[in-house]
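Chemist: Quick one: the structure is below, questions incoming.
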Amino acid sequence: MRWPVLVLLCGCHVVGRNDIARPGRVDRVRIDGAEPIPRTPTLVLTDDHALRFIEPLDCKTEEVVTTSTAAEIETKPNIATFVVGVVAASVGAVMTVSALGGKDASGDPLLYAGGGLALAGVPFAVGPFIGNRTELRANPDQTVKRPGPNEPCGERGLAVTGATLVVRGVEVRGKVDTAGHFNISPFIFLDAFEVSGGPSLDITAHVESSRGKYSVVALIDATVLAKHAAAWIKGADFDGQSQTIQIVPGVVAGTLRVTLTRTIDGPAVRIILPLRNEGPGPAWQLRGHVIAPGTPAIDGRVLYFGALAKDASVTRELLIPIAESVADYLRNAQIDLSIELRDAHGTAPRTPIRYRGPIMVDAPR
């Protein structure tokens with residue numbers, strides 16, 4: 001009687017569970033209240049065509065990963081139940097056939113036992129193959145937070161008070177405001193009429209701050225320079241237009257004066273040059289390149305005159321901020337400085353305008 005009990009205890013099906021996790025969406029969010037991380041400082045050209053010292057900023061982020069999970073419930077045949085059913089039905093059939101082969105089949109208990117066993121075995125053999133199915137039950141989404149990569153989140157002005165730029169061997173000293181703006185236009189040491197198609201601008205700036213002195217390196221693309229140069233010329237205090245030349249002008253320079261003066265920002269070199277156009281035609285885009293190879297602190301500047309009509313005269317001056325040490329040197333030194341004139345059509349005099357001798361001390365500006 002042991003095996004019928006085992007058969008009754010066995011189920012017809014086996015239920016299996018398989019947990020499925022599907023990758024969900026990943027949302028990256030900035031961490032509120034986290035202090036931005038400054039990257040390496042650099043120099044950029046602003047919309048008002050000025051150089052600005054900035055610190056690009058990175059912000060910390062975290063990624064919220066949403067995972068979709070589900071349980072796959074699979075109802076499968078219980079092979080053990082099927083085997084028990086087949087065995088029971090087979091044994092019952094054998095017992096029934098044996099009983100029927102006897103002399104008194106109707107009274108033989110094997111006949112009834114075999115028939116009952118055969119009938120009981122059939123459901124166990126067939127049942128496991130009825131009602132099998134696979135069901136997918138979705139679970140609530142799960143969210144997990146993990147650290148994300150830092151991402152750019154703006155910029156801020158570099159906290160410096162002054163800087164000296166080194167550009168192609170030229171030194172340019174200036175002040176820096178609280179927003180990081182350098183007070184010397186790049187087109188004072190770059191010819192705004194010649195930057196188009198030129199090389200990119202490689203700058204090393206030695207800055208002064210409460211943290212001491214350090215260097216900032218930047219590379220400004222040539223196309224950016226050309227775009228800003230055209231806009232700067234339109235807003236400059238001279239007439240930067242150019243027209244087709246029909247009659248050659250006759251530009252004559254007056255006396256070039258170079259003096260040492262003092263401004264509210266410190267010492268400066270003051271360069272003054274008068275020009276007159278004796279005609280017969282107008283001159284366009286007149287400017288002078290300052291050449292002082294022995295004094296990098298004043299070398300490489302550009303003095304703009306712009307358009308100059310026939311019989312017109314104009315006097316322009318340029319203030320070049322310098323360090324106290326440079327001022328002390330210039331007070332006791334002979335200076336060799338020249339200005340090379342250029343214009344839109346190559347009609348300016350080719351002979352440089354020269355100044356040789358001691359630099360005079362001018363009244364404070």
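In the structure tokens, chains take letters A, B, ... by order of appearance, with residues numbered from 1 within each chain and ligands from 1 in the order shown.
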Could you give me the residues within range 100-347 of chain A that DSSP places in alpha helix (DSSP H), as a VMD selection string?

Modeler: chain A and resid 100 109 to 126 222 to 234 324 to 331

Chemist: Neighbouring residues of Arg342 in chain A were defined as those with any atom within 9 Å, considering only C-alpha atoms; residues of the same chain fewer than 2 positions away were excluded. Please report them as a PDB file with N, CA, C and O atoms, in the first residue's frame.

Modeler:
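Written output follows (around_35.pdb):
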ATOM      1  N   GLN A 285      42.064 102.804 -43.915  1.00  0.00           N
ATOM      2  CA  GLN A 285      42.538 101.837 -42.900  1.00  0.00           C
ATOM      3  C   GLN A 285      44.002 102.081 -42.512  1.00  0.00           C
ATOM      4  O   GLN A 285      44.788 101.146 -42.370  1.00  0.00           O
ATOM      5  N   LEU A 286      44.343 103.313 -42.280  1.00  0.00           N
ATOM      6  CA  LEU A 286      45.693 103.656 -41.845  1.00  0.00           C
ATOM      7  C   LEU A 286      45.923 103.181 -40.412  1.00  0.00           C
ATOM      8  O   LEU A 286      45.071 103.373 -39.542  1.00  0.00           O
ATOM      9  N   ARG A 287      47.077 102.597 -40.171  1.00  0.00           N
ATOM     10  CA  ARG A 287      47.479 102.235 -38.812  1.00  0.00           C
ATOM     11  C   ARG A 287      48.996 102.112 -38.781  1.00  0.00           C
ATOM     12  O   ARG A 287      49.652 101.968 -39.834  1.00  0.00           O
ATOM     13  N   GLY A 288      49.535 102.198 -37.564  1.00  0.00           N
ATOM     14  CA  GLY A 288      50.976 102.096 -37.408  1.00  0.00           C
ATOM     15  C   GLY A 288      51.350 100.977 -36.465  1.00  0.00           C
ATOM     16  O   GLY A 288      50.752 100.827 -35.387  1.00  0.00           O
ATOM     17  N   HIS A 289      52.324 100.173 -36.843  1.00  0.00           N
ATOM     18  CA  HIS A 289      52.834  99.090 -36.009  1.00  0.00           C
ATOM     19  C   HIS A 289      54.041  99.593 -35.218  1.00  0.00           C
ATOM     20  O   HIS A 289      55.020 100.070 -35.804  1.00  0.00           O
ATOM     21  N   GLU A 340      55.867 101.564 -38.212  1.00  0.00           N
ATOM     22  CA  GLU A 340      55.702 101.238 -39.629  1.00  0.00           C
ATOM     23  C   GLU A 340      54.248 101.460 -40.011  1.00  0.00           C
ATOM     24  O   GLU A 340      53.340 100.832 -39.440  1.00  0.00           O
ATOM     25  N   ALA A 344      45.118 100.099 -46.377  1.00  0.00           N
ATOM     26  CA  ALA A 344      44.356  99.047 -47.059  1.00  0.00           C
ATOM     27  C   ALA A 344      44.939  98.685 -48.416  1.00  0.00           C
ATOM     28  O   ALA A 344      44.772  97.548 -48.882  1.00  0.00           O
ATOM     29  N   HIS A 345      45.637  99.624 -49.083  1.00  0.00           N
ATOM     30  CA  HIS A 345      46.064  99.384 -50.461  1.00  0.00           C
ATOM     31  C   HIS A 345      47.575  99.461 -50.643  1.00  0.00           C
ATOM     32  O   HIS A 345      48.069  99.528 -51.773  1.00  0.00           O
ATOM     33  N   GLY A 346      48.327  99.453 -49.562  1.00  0.00           N
ATOM     34  CA  GLY A 346      49.785  99.451 -49.663  1.00  0.00           C
ATOM     35  C   GLY A 346      50.365 100.750 -50.177  1.00  0.00           C
ATOM     36  O   GLY A 346      51.443 100.751 -50.784  1.00  0.00           O
ATOM     37  N   THR A 347      49.688 101.874 -49.932  1.00  0.00           N
ATOM     38  CA  THR A 347      50.173 103.168 -50.414  1.00  0.00           C
ATOM     39  C   THR A 347      50.887 103.970 -49.332  1.00  0.00           C
ATOM     40  O   THR A 347      51.388 105.065 -49.594  1.00  0.00           O
ATOM     41  N   ALA A 348      50.909 103.479 -48.096  1.00  0.00           N
ATOM     42  CA  ALA A 348      51.551 104.212 -46.996  1.00  0.00           C
ATOM     43  C   ALA A 348      53.065 104.260 -47.199  1.00  0.00           C
ATOM     44  O   ALA A 348      53.651 103.382 -47.858  1.00  0.00           O
ATOM     45  N   PRO A 349      53.717 105.267 -46.669  1.00  0.00           N
ATOM     46  CA  PRO A 349      55.182 105.359 -46.809  1.00  0.00           C
ATOM     47  C   PRO A 349      55.865 104.106 -46.253  1.00  0.00           C
ATOM     48  O   PRO A 349      55.477 103.581 -45.214  1.00  0.00           O
ATOM     49  N   ARG A 350      56.887 103.673 -46.950  1.00  0.00           N
ATOM     50  CA  ARG A 350      57.582 102.461 -46.544  1.00  0.00           C
ATOM     51  C   ARG A 350      58.668 102.720 -45.503  1.00  0.00           C
ATOM     52  O   ARG A 350      59.088 101.813 -44.795  1.00  0.00           O
TER      53      ARG A 350
END

Chemist: So which one's closest to Ala230 in chain A, A:Phe187, A:Val144, A:Val217, A:Val251? Using only C-alpha atoms, please.

Modeler: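 Selected residue with least distance to Ala230 in chain A: A:Phe187.
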
Chemist: For Thr161 in chain A, which of A:Cys59, A:Gln246, A:Leu43, A:Asp265 is the closest residue, counting only C-alpha atoms?

Modeler: A:Asp265

Chemist: Just checking: using only C-alpha atoms, which residue out of A:Ile291, A:Val160, A:Leu275, A:Val248 ends up closest to Ala312 in chain A?

Modeler: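 Checking each candidate against Ala312 in chain A, we get A:Leu275 as the closest.
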
Chemist: For Asp237 in chain A, find every residue with an atom within 10 Å (counting only C-alpha atoms), except residues of its own chain fewer than 3 positions away, and show them as a compact mmCIF listing (two decimals) with N, CA and C atoms, in the first residue's frame.

Modeler:
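Okay, result_21.txt is ready:
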# COMPACT_ATOMS: atom_id res chain seq x y z
N TRP A 232 34.86 94.55 -33.84
CA TRP A 232 35.56 95.57 -33.06
C TRP A 232 35.83 96.81 -33.90
N ILE A 233 36.19 96.61 -35.16
CA ILE A 233 36.46 97.75 -36.05
C ILE A 233 35.21 98.60 -36.23
N LYS A 234 34.05 97.96 -36.34
CA LYS A 234 32.80 98.71 -36.53
C LYS A 234 32.51 99.62 -35.33
N GLY A 240 36.93 102.81 -39.92
CA GLY A 240 37.66 101.65 -40.41
C GLY A 240 37.26 101.18 -41.79
N TYR A 304 45.93 103.04 -34.35
CA TYR A 304 44.96 103.12 -35.46
C TYR A 304 44.63 104.58 -35.80
N PHE A 305 44.60 104.84 -37.11
CA PHE A 305 44.18 106.15 -37.61
C PHE A 305 42.89 106.06 -38.43
N GLY A 306 42.73 104.97 -39.16
CA GLY A 306 41.54 104.79 -39.98
C GLY A 306 41.60 105.56 -41.29

Chemist: Using only C-alpha atoms, determine which residues lie at most 12 Å from Ala323 in chain A, disregarding the query and same-chain residues fewer than 3 positions distant; provide the list as number ranges by chain.

Modeler: A: 162-164, 171-175, 260, 262-263, 265-269, 296-298, 320, 326-330

Chemist: With only C-alpha atoms as the basis for distance, which of A:Arg133, A:Lys145, A:Arg156, A:Arg52 is at the shortest distance from Ile37 in chain A?

Modeler: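 Comparing A:Arg133, A:Lys145, A:Arg156, A:Arg52 against Ile37 in chain A, the winner is A:Arg156.
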
Chemist: In Å, how far is it from CA of Ser215 in chain A to CA of Ile322 in chain A?

Modeler: 18.3 Å

Chemist: Can you tell me, as JSON, numbers by chain, what residues are no more than 12 Å from Pro152 in chain A when counting only C-alpha atoms, ignoring any on the same chain fewer than 3 positions away?

Modeler: {"A": [30, 36, 37, 38, 39, 55, 56, 57, 58, 59, 60, 61, 149, 155, 156]}

Chemist: Give me a file of those residues, with N, CA, C and O atoms, as a compact mmCIF listing (two decimals), in the first residue's frame.

Modeler:
# COMPACT_ATOMS: atom_id res chain seq x y z
N ARG A 30 21.99 66.79 -11.68
CA ARG A 30 23.01 67.44 -10.88
C ARG A 30 22.66 67.34 -9.40
O ARG A 30 21.49 67.37 -9.03
N PRO A 36 30.51 73.66 -7.33
CA PRO A 36 31.11 73.38 -8.64
C PRO A 36 32.62 73.17 -8.53
O PRO A 36 33.28 73.74 -7.67
N ILE A 37 33.13 72.36 -9.42
CA ILE A 37 34.56 72.05 -9.44
C ILE A 37 35.22 72.86 -10.55
O ILE A 37 34.88 72.68 -11.73
N PRO A 38 36.14 73.79 -10.23
CA PRO A 38 36.78 74.57 -11.29
C PRO A 38 37.81 73.74 -12.05
O PRO A 38 38.55 72.96 -11.48
N ARG A 39 37.79 73.92 -13.39
CA ARG A 39 38.81 73.28 -14.22
C ARG A 39 39.96 74.26 -14.43
O ARG A 39 40.00 75.34 -13.85
N GLU A 55 37.31 80.49 -15.21
CA GLU A 55 37.45 79.11 -14.75
C GLU A 55 36.24 78.33 -15.25
O GLU A 55 35.13 78.56 -14.79
N PRO A 56 36.41 77.43 -16.22
CA PRO A 56 35.30 76.56 -16.59
C PRO A 56 34.90 75.70 -15.39
O PRO A 56 35.76 75.26 -14.62
N LEU A 57 33.62 75.47 -15.22
CA LEU A 57 33.12 74.75 -14.05
C LEU A 57 32.53 73.41 -14.44
O LEU A 57 31.88 73.27 -15.48
N ASP A 58 32.76 72.43 -13.59
CA ASP A 58 32.10 71.12 -13.68
C ASP A 58 31.21 70.94 -12.47
O ASP A 58 31.56 71.36 -11.37
N CYS A 59 30.06 70.32 -12.67
CA CYS A 59 29.15 70.03 -11.57
C CYS A 59 29.07 68.51 -11.37
O CYS A 59 29.11 67.74 -12.33
N LYS A 60 28.95 68.12 -10.10
CA LYS A 60 28.80 66.71 -9.78
C LYS A 60 27.40 66.24 -10.16
O LYS A 60 26.42 66.99 -10.03
N THR A 61 27.29 65.01 -10.63
CA THR A 61 26.00 64.44 -10.99
C THR A 61 25.83 63.06 -10.36
O THR A 61 26.80 62.45 -9.89
N PRO A 149 29.25 60.97 -13.94
CA PRO A 149 30.43 61.77 -14.30
C PRO A 149 30.17 63.25 -14.09
O PRO A 149 29.02 63.71 -14.16
N GLU A 155 30.75 78.79 -16.25
CA GLU A 155 32.07 79.34 -15.99
C GLU A 155 31.93 80.50 -15.02
O GLU A 155 30.83 81.00 -14.76
N ARG A 156 33.05 80.94 -14.48
CA ARG A 156 33.06 82.12 -13.63
C ARG A 156 34.37 82.87 -13.85
O ARG A 156 35.38 82.29 -14.27

Chemist: State, in Å with one decimal place, the distance from CA of Arg25 in chain A to CA of Thr69 in chain A.

Modeler: 12.9 Å

Chemist: Please measure the separation of CA of Ser338 in chain A and CA of Arg356 in chain A, giving the value in Å to one decimal.

Modeler: 8.4 Å

Chemist: Can you list, as a ChimeraX atom specification, all residues belonging to range 189-335 of chain A that DSSP tags as strand (DSSP E)?

Modeler: /A:201-209,212-220,251-253,257-263,266-277,283-291,302-308,313-321,334-335
